[in-house]
file start_7.txt (compact mmCIF, C-alpha atoms and all ligand atoms)
# COMPACT_ATOMS: atom_id res chain seq x y z
CA MET M 1 4.58 -13.78 17.96
CA ASP M 2 5.77 -12.74 21.39
CA GLN M 3 4.53 -15.90 23.07
CA PHE M 4 5.73 -18.41 20.49
CA ASN M 5 8.86 -20.48 21.14
CA PHE M 6 10.89 -20.32 17.91
CA PHE M 7 13.85 -22.28 19.27
CA GLU M 8 15.04 -24.69 16.55
CA LYS M 9 11.84 -24.06 14.60
CA ARG M 10 11.63 -23.14 10.92
CA ALA M 11 9.40 -20.14 10.41
CA LEU M 12 7.80 -19.84 6.98
CA ILE M 13 7.12 -16.12 6.63
CA ARG M 14 4.93 -14.58 3.92
CA VAL M 15 6.52 -11.18 3.41
CA ASP M 16 5.71 -8.43 0.93
CA PHE M 17 8.87 -7.88 -1.10
CA ASN M 18 6.89 -6.50 -4.02
CA VAL M 19 9.29 -3.58 -4.47
CA PRO M 20 9.85 -1.36 -7.52
CA LEU M 21 12.97 -2.24 -9.54
CA ASN M 22 14.67 -0.08 -12.19
CA GLU M 23 15.83 -1.32 -15.64
CA THR M 24 19.01 -2.76 -14.17
CA PHE M 25 17.02 -4.51 -11.44
CA GLU M 26 18.10 -2.26 -8.61
CA ILE M 27 15.61 -1.64 -5.84
CA GLU M 28 14.14 1.85 -6.11
CA ASP M 29 12.30 1.86 -2.80
CA ASP M 30 13.04 -0.69 -0.06
CA THR M 31 10.34 0.44 2.40
CA ARG M 32 8.57 -2.92 2.32
CA ILE M 33 11.78 -4.89 2.85
CA ARG M 34 12.78 -2.76 5.83
CA ALA M 35 9.29 -3.12 7.25
CA SER M 36 9.70 -6.92 7.36
CA LEU M 37 12.94 -6.88 9.37
CA PRO M 38 11.45 -6.83 12.90
CA THR M 39 9.57 -10.09 12.31
CA ILE M 40 12.56 -11.82 10.71
CA ASN M 41 14.90 -10.69 13.47
CA LYS M 42 12.48 -11.78 16.18
CA VAL M 43 12.56 -15.37 14.88
CA LEU M 44 16.33 -15.38 14.41
CA ASP M 45 17.04 -13.83 17.81
CA ARG M 46 15.01 -16.58 19.48
CA GLY M 47 16.90 -19.43 17.87
CA GLY M 48 14.75 -20.14 14.83
CA SER M 49 15.50 -20.27 11.11
CA VAL M 50 13.58 -18.34 8.47
CA VAL M 51 12.11 -19.22 5.07
CA LEU M 52 10.86 -16.13 3.24
CA MET M 53 8.25 -16.21 0.50
CA SER M 54 6.84 -13.32 -1.50
CA HIS M 55 5.54 -12.25 -4.86
CA LEU M 56 7.11 -9.56 -7.05
CA GLY M 57 5.12 -7.86 -9.80
CA ARG M 58 2.58 -9.63 -11.94
CA PRO M 59 4.25 -12.37 -13.98
CA THR M 60 1.70 -14.08 -16.20
CA ASN M 61 3.61 -16.90 -17.78
CA GLY M 62 6.10 -18.55 -15.43
CA TYR M 63 9.66 -17.34 -14.89
CA GLU M 64 10.63 -13.84 -15.99
CA GLU M 65 14.02 -12.37 -15.06
CA ARG M 66 12.56 -8.95 -14.24
CA PHE M 67 10.28 -10.45 -11.61
CA SER M 68 12.90 -12.65 -9.95
CA LEU M 69 13.31 -12.25 -6.20
CA LYS M 70 17.04 -12.91 -6.56
CA HIS M 71 17.26 -9.13 -7.18
CA VAL M 72 16.32 -8.68 -3.53
CA GLN M 73 18.81 -11.19 -2.08
CA ASN M 74 21.89 -8.95 -1.71
CA HIS M 75 20.03 -5.97 -0.35
CA LEU M 76 18.23 -8.12 2.21
CA SER M 77 21.55 -9.65 3.18
CA LYS M 78 22.98 -6.17 3.84
CA LEU M 79 19.96 -5.11 5.88
CA LEU M 80 20.01 -8.29 8.00
CA GLN M 81 23.81 -8.32 8.15
CA ARG M 82 23.99 -12.00 7.38
CA ASP M 83 24.16 -14.30 4.36
CA ILE M 84 20.87 -15.15 2.69
CA GLU M 85 20.38 -18.37 0.73
CA PHE M 86 18.22 -18.33 -2.37
CA ALA M 87 16.04 -21.15 -3.75
CA GLU M 88 15.35 -20.94 -7.47
CA ASP M 89 11.86 -22.31 -7.06
CA CYS M 90 9.46 -21.80 -4.17
CA ILE M 91 8.42 -25.47 -4.18
CA GLY M 92 9.93 -28.82 -5.19
CA ASP M 93 12.46 -31.38 -3.97
CA GLN M 94 15.50 -29.16 -4.32
CA THR M 95 13.89 -26.47 -2.20
CA ILE M 96 12.88 -29.01 0.43
CA THR M 97 16.49 -30.22 0.59
CA ILE M 98 17.77 -26.68 1.17
CA VAL M 99 15.11 -26.06 3.80
CA GLN M 100 15.95 -29.25 5.67
CA ALA M 101 19.59 -28.20 5.91
CA LEU M 102 18.75 -24.79 7.42
CA LEU M 103 20.28 -24.21 10.84
CA PRO M 104 19.03 -21.83 13.53
CA GLY M 105 19.95 -18.29 12.55
CA GLU M 106 19.91 -19.04 8.82
CA VAL M 107 17.65 -17.40 6.25
CA LEU M 108 16.38 -18.73 2.94
CA LEU M 109 14.61 -16.58 0.35
CA LEU M 110 12.32 -18.41 -2.09
CA GLU M 111 11.82 -17.45 -5.73
CA ASN M 112 8.68 -15.49 -6.72
CA LEU M 113 5.51 -17.32 -5.71
CA ARG M 114 3.65 -15.95 -8.72
CA PHE M 115 5.85 -17.85 -11.17
CA HIS M 116 3.26 -20.50 -10.33
CA PRO M 117 -0.28 -19.46 -11.34
CA GLU M 118 -1.52 -21.65 -8.48
CA GLU M 119 -0.49 -18.90 -6.06
CA THR M 120 -3.13 -16.36 -7.15
CA GLU M 121 -5.63 -19.16 -7.86
CA GLY M 122 -5.42 -20.08 -4.19
CA ASP M 123 -4.63 -23.69 -5.11
CA LYS M 124 -4.79 -26.07 -2.17
CA ASN M 125 -2.11 -28.52 -3.38
CA PHE M 126 0.30 -25.66 -4.02
CA SER M 127 -0.40 -24.35 -0.52
CA LYS M 128 0.32 -27.82 0.86
CA GLU M 129 3.67 -27.94 -0.92
CA LEU M 130 4.59 -24.55 0.49
CA ALA M 131 3.44 -25.61 3.94
CA GLN M 132 6.09 -28.35 4.02
CA LEU M 133 8.74 -25.63 4.24
CA GLY M 134 7.96 -24.48 7.77
CA ASP M 135 7.05 -25.65 11.27
CA VAL M 136 5.23 -22.41 11.89
CA TYR M 137 3.57 -19.98 9.44
CA ILE M 138 3.70 -16.21 9.86
CA ASN M 139 1.82 -13.74 7.70
CA ASP M 140 3.58 -10.37 7.63
CA ALA M 141 2.43 -9.25 4.16
CA PHE M 142 -0.20 -6.61 4.84
CA GLY M 143 -0.10 -5.41 1.21
CA THR M 144 -1.55 -8.73 -0.04
CA SER M 145 -3.70 -9.63 2.96
CA HIS M 146 -6.84 -8.63 1.03
CA ARG M 147 -6.23 -11.50 -1.38
CA ALA M 148 -7.21 -15.13 -0.68
CA HIS M 149 -4.07 -16.46 -2.33
CA ALA M 150 -2.33 -19.75 -1.60
CA SER M 151 0.47 -18.22 0.48
CA THR M 152 -1.61 -15.57 2.26
CA SER M 153 -4.71 -17.47 3.27
CA ILE M 154 -5.24 -21.04 1.97
CA ILE M 155 -1.93 -22.21 3.48
CA THR M 156 -3.15 -21.63 7.04
CA GLN M 157 -5.22 -24.86 6.83
CA PHE M 158 -1.96 -26.72 7.14
CA PHE M 159 -0.95 -24.88 10.29
CA PRO M 160 -4.05 -25.25 12.49
CA GLU M 161 -2.09 -24.38 15.63
CA ASN M 162 1.10 -22.73 14.45
CA LYS M 163 -0.09 -19.69 12.50
CA LEU M 164 0.81 -16.18 13.56
CA LEU M 165 0.43 -12.55 12.58
CA GLY M 166 3.81 -10.91 12.03
CA THR M 167 4.96 -7.75 13.78
CA LEU M 168 4.36 -5.57 10.73
CA LEU M 169 0.88 -6.92 10.08
CA GLN M 170 -0.01 -6.45 13.74
CA SER M 171 1.22 -2.87 13.77
CA GLU M 172 -0.68 -2.07 10.55
CA ILE M 173 -3.87 -3.31 12.23
CA ASP M 174 -3.13 -1.44 15.46
CA ASN M 175 -2.43 1.86 13.70
CA ILE M 176 -5.42 1.71 11.37
CA ASP M 177 -7.70 0.67 14.24
CA SER M 178 -6.37 3.52 16.32
CA ILE M 179 -7.20 6.21 13.75
CA MET M 180 -10.53 4.66 12.79
CA GLN M 181 -11.74 4.03 16.34
CA ASN M 182 -10.07 6.62 18.53
CA ALA M 183 -9.24 9.55 16.27
CA ARG M 184 -8.73 12.94 17.84
CA HIS M 185 -10.76 15.62 16.09
CA PRO M 186 -10.77 17.37 13.72
CA PHE M 187 -10.19 14.20 11.69
CA THR M 188 -9.37 14.86 8.02
CA ALA M 189 -9.25 12.27 5.23
CA ILE M 190 -7.43 13.18 2.02
CA LEU M 191 -8.15 11.13 -1.07
CA GLY M 192 -6.56 11.51 -4.47
CA GLY M 193 -5.38 9.47 -7.44
CA ALA M 194 -7.09 8.70 -10.68
CA LYS M 195 -10.01 6.40 -9.95
CA VAL M 196 -13.21 7.24 -8.09
CA ALA M 197 -14.57 3.73 -8.56
CA GLY M 198 -12.40 2.04 -5.96
CA LYS M 199 -12.96 4.73 -3.38
CA VAL M 200 -16.74 5.11 -3.13
CA GLU M 201 -17.18 2.56 -0.33
CA ILE M 202 -14.34 4.02 1.67
CA ILE M 203 -15.87 7.50 1.40
CA LYS M 204 -19.20 6.17 2.68
CA GLN M 205 -17.44 4.51 5.60
CA LEU M 206 -15.22 7.48 6.42
CA ILE M 207 -18.04 9.99 6.33
CA ASN M 208 -19.32 8.61 9.66
CA LYS M 209 -16.00 9.28 11.36
CA ILE M 210 -14.38 12.36 9.85
CA ASP M 211 -14.83 16.13 10.02
CA ASN M 212 -13.17 17.04 6.71
CA LEU M 213 -12.93 15.21 3.42
CA ILE M 214 -10.38 16.58 0.97
CA ILE M 215 -10.62 15.23 -2.56
CA GLY M 216 -7.86 16.00 -5.07
CA GLY M 217 -6.20 14.28 -8.02
CA GLY M 218 -8.04 13.05 -11.08
CA MET M 219 -10.93 11.76 -8.98
CA ALA M 220 -11.97 15.32 -8.04
CA PHE M 221 -13.18 16.06 -11.58
CA THR M 222 -16.10 13.63 -11.35
CA PHE M 223 -17.30 15.68 -8.37
CA ILE M 224 -16.69 19.03 -10.11
CA ARG M 225 -18.64 17.79 -13.13
CA ALA M 226 -21.40 16.54 -10.82
CA LYS M 227 -21.67 20.09 -9.48
CA GLY M 228 -22.09 21.40 -13.04
CA GLY M 229 -18.53 22.62 -13.68
CA ASN M 230 -16.71 22.58 -17.00
CA VAL M 231 -13.79 20.21 -16.68
CA GLY M 232 -12.70 20.07 -20.34
CA ASP M 233 -10.88 16.83 -21.12
CA SER M 234 -10.02 16.06 -17.49
CA LEU M 235 -10.51 12.57 -16.16
CA VAL M 236 -14.20 12.00 -15.40
CA ASP M 237 -16.07 8.79 -14.66
CA ASP M 238 -19.45 9.55 -16.22
CA SER M 239 -21.00 6.43 -14.72
CA LEU M 240 -20.34 7.76 -11.22
CA ILE M 241 -21.73 11.30 -11.53
CA GLU M 242 -25.02 10.37 -9.83
CA LEU M 243 -23.10 8.68 -7.05
CA ALA M 244 -20.85 11.72 -6.68
CA ILE M 245 -23.96 13.87 -6.16
CA GLU M 246 -25.16 11.40 -3.50
CA LEU M 247 -21.79 11.54 -1.74
CA ILE M 248 -21.84 15.35 -1.78
CA GLU M 249 -25.31 15.27 -0.19
CA LEU M 250 -24.29 12.60 2.28
CA ALA M 251 -21.30 14.66 3.43
CA ASP M 252 -23.61 17.62 3.90
CA ALA M 253 -26.13 15.58 5.88
CA LYS M 254 -23.38 14.30 8.18
CA ASN M 255 -21.84 17.74 8.66
CA VAL M 256 -18.61 16.71 6.98
CA HIS M 257 -16.84 19.56 5.21
CA LEU M 258 -16.12 18.39 1.69
CA HIS M 259 -13.16 20.30 0.27
CA LEU M 260 -12.82 20.09 -3.50
CA PRO M 261 -10.13 21.90 -5.52
CA ILE M 262 -10.92 25.50 -6.47
CA ASP M 263 -8.24 25.86 -9.14
CA SER M 264 -6.20 23.54 -11.32
CA ILE M 265 -2.98 23.35 -13.30
CA ILE M 266 -4.25 22.39 -16.72
CA ALA M 267 -2.35 21.07 -19.74
CA ASP M 268 -3.12 20.72 -23.44
CA ASP M 269 -1.64 17.23 -23.45
CA PHE M 270 -0.98 14.42 -20.95
CA SER M 271 2.73 15.18 -21.01
CA ASN M 272 5.39 17.02 -19.04
CA ASP M 273 6.14 19.03 -22.20
CA ALA M 274 2.56 20.25 -22.60
CA THR M 275 1.63 23.93 -22.41
CA ILE M 276 0.26 24.61 -18.92
CA LYS M 277 -1.82 27.26 -17.21
CA ASN M 278 -3.68 27.82 -13.99
CA VAL M 279 -7.47 28.25 -14.16
CA LYS M 280 -10.55 28.02 -11.94
CA ILE M 281 -11.49 24.38 -11.40
CA ASP M 282 -14.89 24.70 -13.11
CA GLU M 283 -13.70 26.71 -16.10
CA ILE M 284 -11.44 24.23 -17.87
CA PRO M 285 -11.74 24.69 -21.65
CA ASP M 286 -12.26 21.75 -24.02
CA GLY M 287 -8.96 20.34 -25.23
CA TRP M 288 -7.36 20.93 -21.79
CA MET M 289 -7.11 18.65 -18.79
CA GLY M 290 -6.47 19.28 -15.11
CA LEU M 291 -3.32 17.47 -14.01
CA ASP M 292 -2.64 19.03 -10.61
CA ILE M 293 -4.36 21.14 -7.96
CA GLY M 294 -3.63 24.86 -8.35
CA PRO M 295 -1.84 27.19 -5.89
CA GLU M 296 -5.06 28.50 -4.29
CA THR M 297 -6.22 24.95 -3.65
CA GLN M 298 -2.83 24.11 -2.14
CA ILE M 299 -3.29 26.90 0.40
CA LEU M 300 -6.87 25.88 1.15
CA PHE M 301 -6.02 22.19 1.62
CA ALA M 302 -2.85 22.92 3.62
CA ASP M 303 -4.84 25.13 6.03
CA VAL M 304 -7.40 22.38 6.66
CA ILE M 305 -4.60 19.83 7.17
CA ARG M 306 -2.65 22.02 9.59
CA SER M 307 -5.70 22.48 11.81
CA SER M 308 -6.43 18.72 11.93
CA LYS M 309 -5.55 16.41 14.81
CA SER M 310 -5.89 13.15 12.85
CA ILE M 311 -5.02 12.81 9.16
CA LEU M 312 -5.47 9.92 6.77
CA TRP M 313 -3.95 10.26 3.29
CA ASN M 314 -4.30 8.01 0.26
CA GLY M 315 -3.64 9.08 -3.33
CA PRO M 316 -1.68 11.89 -5.03
CA MET M 317 -3.13 15.34 -5.74
CA GLY M 318 -1.95 15.31 -9.35
CA VAL M 319 0.18 13.45 -11.87
CA PHE M 320 3.15 13.72 -9.51
CA GLU M 321 5.26 11.41 -11.67
CA MET M 322 5.72 14.42 -14.01
CA SER M 323 7.64 17.34 -12.49
CA ASN M 324 5.23 19.98 -13.82
CA PHE M 325 2.35 18.39 -11.91
CA GLU M 326 4.01 17.39 -8.63
CA ALA M 327 3.67 20.66 -6.69
CA GLY M 328 0.23 19.93 -5.25
CA THR M 329 1.19 16.51 -3.90
CA LYS M 330 4.41 17.99 -2.45
CA ARG M 331 2.59 20.79 -0.69
CA ILE M 332 0.04 18.43 0.83
CA ALA M 333 2.78 16.03 2.00
CA GLN M 334 4.62 18.96 3.58
CA ALA M 335 1.48 20.17 5.34
CA ILE M 336 0.87 16.68 6.77
CA ALA M 337 4.48 16.50 7.95
CA ASP M 338 4.13 19.92 9.64
CA ALA M 339 0.86 18.93 11.33
CA THR M 340 2.51 15.73 12.58
CA THR M 341 5.45 17.66 14.00
CA ALA M 342 2.91 19.85 15.80
CA GLY M 343 1.41 16.76 17.47
CA SER M 344 -1.23 15.40 15.08
CA PHE M 345 -1.48 11.72 14.16
CA SER M 346 -0.97 11.00 10.46
CA LEU M 347 -1.43 7.74 8.60
CA VAL M 348 -0.32 7.59 4.97
CA GLY M 349 -0.92 4.61 2.70
CA GLY M 350 -1.03 3.57 -0.94
CA GLY M 351 1.87 3.08 -3.33
CA ASP M 352 1.74 6.55 -4.90
CA SER M 353 1.41 8.59 -1.72
CA VAL M 354 4.19 6.58 -0.08
CA ALA M 355 6.40 6.98 -3.17
CA ALA M 356 5.76 10.74 -3.00
CA ILE M 357 6.73 11.08 0.67
CA ASN M 358 9.80 8.91 0.16
CA LYS M 359 10.85 11.04 -2.81
CA LEU M 360 10.45 14.13 -0.63
CA GLY M 361 12.28 12.55 2.30
CA LEU M 362 9.22 13.07 4.52
CA ALA M 363 8.44 9.45 5.47
CA ASP M 364 10.07 9.80 8.90
CA ARG M 365 7.89 12.79 9.65
CA MET M 366 4.61 10.87 9.34
CA SER M 367 3.19 9.04 12.37
CA TYR M 368 2.63 5.84 10.41
CA VAL M 369 3.33 4.84 6.81
CA SER M 370 1.27 1.83 5.79
CA THR M 371 2.68 -0.76 3.38
CA GLY M 372 -0.83 -1.39 2.09
CA GLY M 373 -2.68 0.21 -0.81
CA GLY M 374 -5.73 -1.87 -1.71
CA ALA M 375 -5.48 -3.74 1.60
CA LEU M 376 -5.51 -0.47 3.55
CA LEU M 377 -8.60 0.77 1.71
CA GLU M 378 -10.46 -2.51 2.17
CA TYR M 379 -9.57 -2.65 5.86
CA ILE M 380 -10.88 0.89 6.36
CA GLU M 381 -14.05 -0.03 4.47
CA GLY M 382 -14.58 -2.57 7.23
CA LYS M 383 -14.09 -5.65 5.05
CA GLU M 384 -12.62 -8.80 6.55
CA LEU M 385 -9.24 -9.36 4.92
CA PRO M 386 -8.70 -13.07 4.07
CA GLY M 387 -5.03 -13.02 5.15
CA ILE M 388 -5.92 -11.70 8.59
CA LYS M 389 -9.09 -13.72 9.03
CA ALA M 390 -7.23 -16.95 8.19
CA ILE M 391 -5.11 -16.38 11.28
CA SER M 392 -7.22 -14.58 13.81
CA GLY M 393 -10.50 -16.26 12.80
P1 LIG M 401 -4.96 5.57 -8.15
O1 LIG M 401 -4.43 4.28 -8.67
O2 LIG M 401 -6.43 5.74 -8.36
O3 LIG M 401 -4.55 5.84 -6.73
O4 LIG M 401 -4.27 6.70 -9.02
C1 LIG M 401 -2.91 7.03 -8.97
C2 LIG M 401 -2.55 7.76 -10.22
O5 LIG M 401 -3.41 8.88 -10.37
C3 LIG M 401 -1.15 8.33 -10.28
O6 LIG M 401 -0.40 7.59 -11.19
C4 LIG M 401 -1.35 9.77 -10.77
O7 LIG M 401 -0.51 10.12 -11.84
C5 LIG M 401 -2.78 9.78 -11.26
N1 LIG M 401 -3.42 11.08 -11.22
C6 LIG M 401 -3.44 11.95 -10.19
N2 LIG M 401 -4.08 13.08 -10.55
C7 LIG M 401 -4.45 12.95 -11.84
C8 LIG M 401 -5.15 13.80 -12.75
N3 LIG M 401 -5.54 15.02 -12.41
N4 LIG M 401 -5.38 13.31 -13.99
C9 LIG M 401 -4.95 12.07 -14.33
N5 LIG M 401 -4.31 11.23 -13.51
C10 LIG M 401 -4.06 11.67 -12.26
call {"tool": "encode", "arguments": {"input": "start_7.txt", "output": "structure tokens"}}
result
Amino acid sequence: MDQFNFFEKRALIRVDFNVPLNETFEIEDDTRIRASLPTINKVLDRGGSVVLMSHLGRPTNGYEERFSLKHVQNHLSKLLQRDIEFAEDCIGDQTITIVQALLPGEVLLLENLRFHPEETEGDKNFSKELAQLGDVYINDAFGTSHRAHASTSIITQFFPENKLLGTLLQSEIDNIDSIMQNARHPFTAILGGAKVAGKVEIIKQLINKIDNLIIGGGMAFTFIRAKGGNVGDSLVDDSLIELAIELIELADAKNVHLHLPIDSIIADDFSNDATIKNVKIDEIPDGWMGLDIGPETQILFADVIRSSKSILWNGPMGVFEMSNFEAGTKRIAQAIADATTAGSFSLVGGGDSVAAINKLGLADRMSYVSTGGGALLEYIEGKELPGIKAISG
């Protein structure tokens, strides 16, 4: 982006404005919008105009009010301190007319790309229609760069010369590369959340680079069960028990310290009103489920984190959306913030972990907060992301 001459050019920017909205369509977390500002401002400051395209949520059947990007227009206008025009469709004659009238310094926001199923299908004709809206294409949507969608990847065919990585996307790559290639040791990865399935490959990849692997959240119970523990009705993926045993052995063979929870806050129902108690992780009675790490585990994990020089975190330690099961995630976030203040490098990614640090007001205390969830994991796994490959080859 730094070398490109944007003067009197229209930049078509794929941003990631997939932000959470409440029932009255107010933005609950604007991290992703703020993260796109440097790229937008760079074009505007150098005499270009900007056409913004994004998806929001997962509409399945055309237009739906709750997924309209018009809910983002006013907030974006405040952040950019200028008026933003809005096009009610991302393609079509009317949109082309608005685009052609754009003057340098002006910004147009297009309606949700996913109101057209062709977006996720990666349709070439749809990409071509979008491509008419810009002289230069910029991809700044890291969160969707692992998808070969029309606006993230296929569209680049129509910009053989004029296709660029945005500032945000570039800094995501730089920060992830920096921790994966030049981490200071001890390097600790913390994984949580519900599903083991999506995280097996990343564990295999990380094990070659890290010193400590902390596993919390629902995914820990598959490992506890694999070690012969009683986990009651906690979340377990039976099909992955064998694999969990392999991963435990692999960590051992590579001298990686695998830290699993030692105690758990268990509940007799998946509800904030359930009866709760604290028990040893491998002594959970039937009829009860572990919904957070326990206080002893918090201390254990926090100690490992505080003695680490590089920290990668993805996934909550418990069902943090419910107040009775948020303590573990809070404590871990606090420990990462403290380690960062003491000079360690921390990279946090994934919707839930980022929501947790925002809720705790700790985002500014992390070295880098990634806007990617799935994209971050796939990048770390070493996969080529279509949105990045389409630009940098
Ligand atoms: P994932 O999509 O795999 O990153 O999982 C995120 C979700 O995992 C969050 O919505 C958490 O509520 C949930 N989660 C974390 N810990 C547990 C647990 N012990 N049991 C069930 N769900 C959990």
call {"tool": "residues_near_ligand", "arguments": {"input": "start_7.txt", "ligand": "ligand LIG 401 (chain M)", "cutoff": "8 Å", "atoms": "only C-alpha atoms and all ligand atoms", "output": "PDB file with C-alpha atoms, in the frame of the given file"}}
result
ATOM      1  CA  GLY M 192      -6.560  11.510  -4.470  1.00  0.00           C
ATOM      2  CA  GLY M 193      -5.380   9.470  -7.440  1.00  0.00           C
ATOM      3  CA  ALA M 194      -7.090   8.700 -10.680  1.00  0.00           C
ATOM      4  CA  LYS M 195     -10.010   6.400  -9.950  1.00  0.00           C
ATOM      5  CA  VAL M 196     -13.210   7.240  -8.090  1.00  0.00           C
ATOM      6  CA  GLY M 198     -12.400   2.040  -5.960  1.00  0.00           C
ATOM      7  CA  GLY M 216      -7.860  16.000  -5.070  1.00  0.00           C
ATOM      8  CA  GLY M 217      -6.200  14.280  -8.020  1.00  0.00           C
ATOM      9  CA  GLY M 218      -8.040  13.050 -11.080  1.00  0.00           C
ATOM     10  CA  MET M 219     -10.930  11.760  -8.980  1.00  0.00           C
ATOM     11  CA  ALA M 220     -11.970  15.320  -8.040  1.00  0.00           C
ATOM     12  CA  PHE M 221     -13.180  16.060 -11.580  1.00  0.00           C
ATOM     13  CA  SER M 234     -10.020  16.060 -17.490  1.00  0.00           C
ATOM     14  CA  LEU M 235     -10.510  12.570 -16.160  1.00  0.00           C
ATOM     15  CA  MET M 289      -7.110  18.650 -18.790  1.00  0.00           C
ATOM     16  CA  GLY M 290      -6.470  19.280 -15.110  1.00  0.00           C
ATOM     17  CA  LEU M 291      -3.320  17.470 -14.010  1.00  0.00           C
ATOM     18  CA  ASP M 292      -2.640  19.030 -10.610  1.00  0.00           C
ATOM     19  CA  ILE M 293      -4.360  21.140  -7.960  1.00  0.00           C
ATOM     20  CA  ASN M 314      -4.300   8.010   0.260  1.00  0.00           C
ATOM     21  CA  GLY M 315      -3.640   9.080  -3.330  1.00  0.00           C
ATOM     22  CA  PRO M 316      -1.680  11.890  -5.030  1.00  0.00           C
ATOM     23  CA  MET M 317      -3.130  15.340  -5.740  1.00  0.00           C
ATOM     24  CA  GLY M 318      -1.950  15.310  -9.350  1.00  0.00           C
ATOM     25  CA  VAL M 319       0.180  13.450 -11.870  1.00  0.00           C
ATOM     26  CA  PHE M 320       3.150  13.720  -9.510  1.00  0.00           C
ATOM     27  CA  GLU M 321       5.260  11.410 -11.670  1.00  0.00           C
ATOM     28  CA  MET M 322       5.720  14.420 -14.010  1.00  0.00           C
ATOM     29  CA  GLY M 350      -1.030   3.570  -0.940  1.00  0.00           C
ATOM     30  CA  GLY M 351       1.870   3.080  -3.330  1.00  0.00           C
ATOM     31  CA  ASP M 352       1.740   6.550  -4.900  1.00  0.00           C
TER      32      ASP M 352
END
call {"tool": "closest_residue", "arguments": {"input": "start_7.txt", "among": "M:Glu85, M:Glu129, M:Asp252, M:Asp286", "to": "Leu108 in chain M", "atoms": "all atoms listed in the file"}}
result
M:Glu85
call {"tool": "atom_distance", "arguments": {"input": "start_7.txt", "atom1": "CA of Pro386 in chain M", "atom2": "CA of Asn112 in chain M"}}
result
20.6 Å
call {"tool": "atom_distance", "arguments": {"input": "start_7.txt", "atom1": "CA of Gly328 in chain M", "atom2": "CA of Gly57 in chain M"}}
result
28.6 Å
call {"tool": "residues_around", "arguments": {"input": "start_7.txt", "residues": "Thr152 in chain M", "least_positions_apart": "6", "cutoff": "7 Å", "atoms": "only C-alpha atoms", "output": "compact mmCIF listing (two decimals) with C-alpha atoms, in the frame of the given file"}}
result
# COMPACT_ATOMS: atom_id res chain seq x y z
CA ARG M 14 4.93 -14.58 3.92
CA ASN M 139 1.82 -13.74 7.70
CA SER M 145 -3.70 -9.63 2.96
CA GLY M 387 -5.03 -13.02 5.15
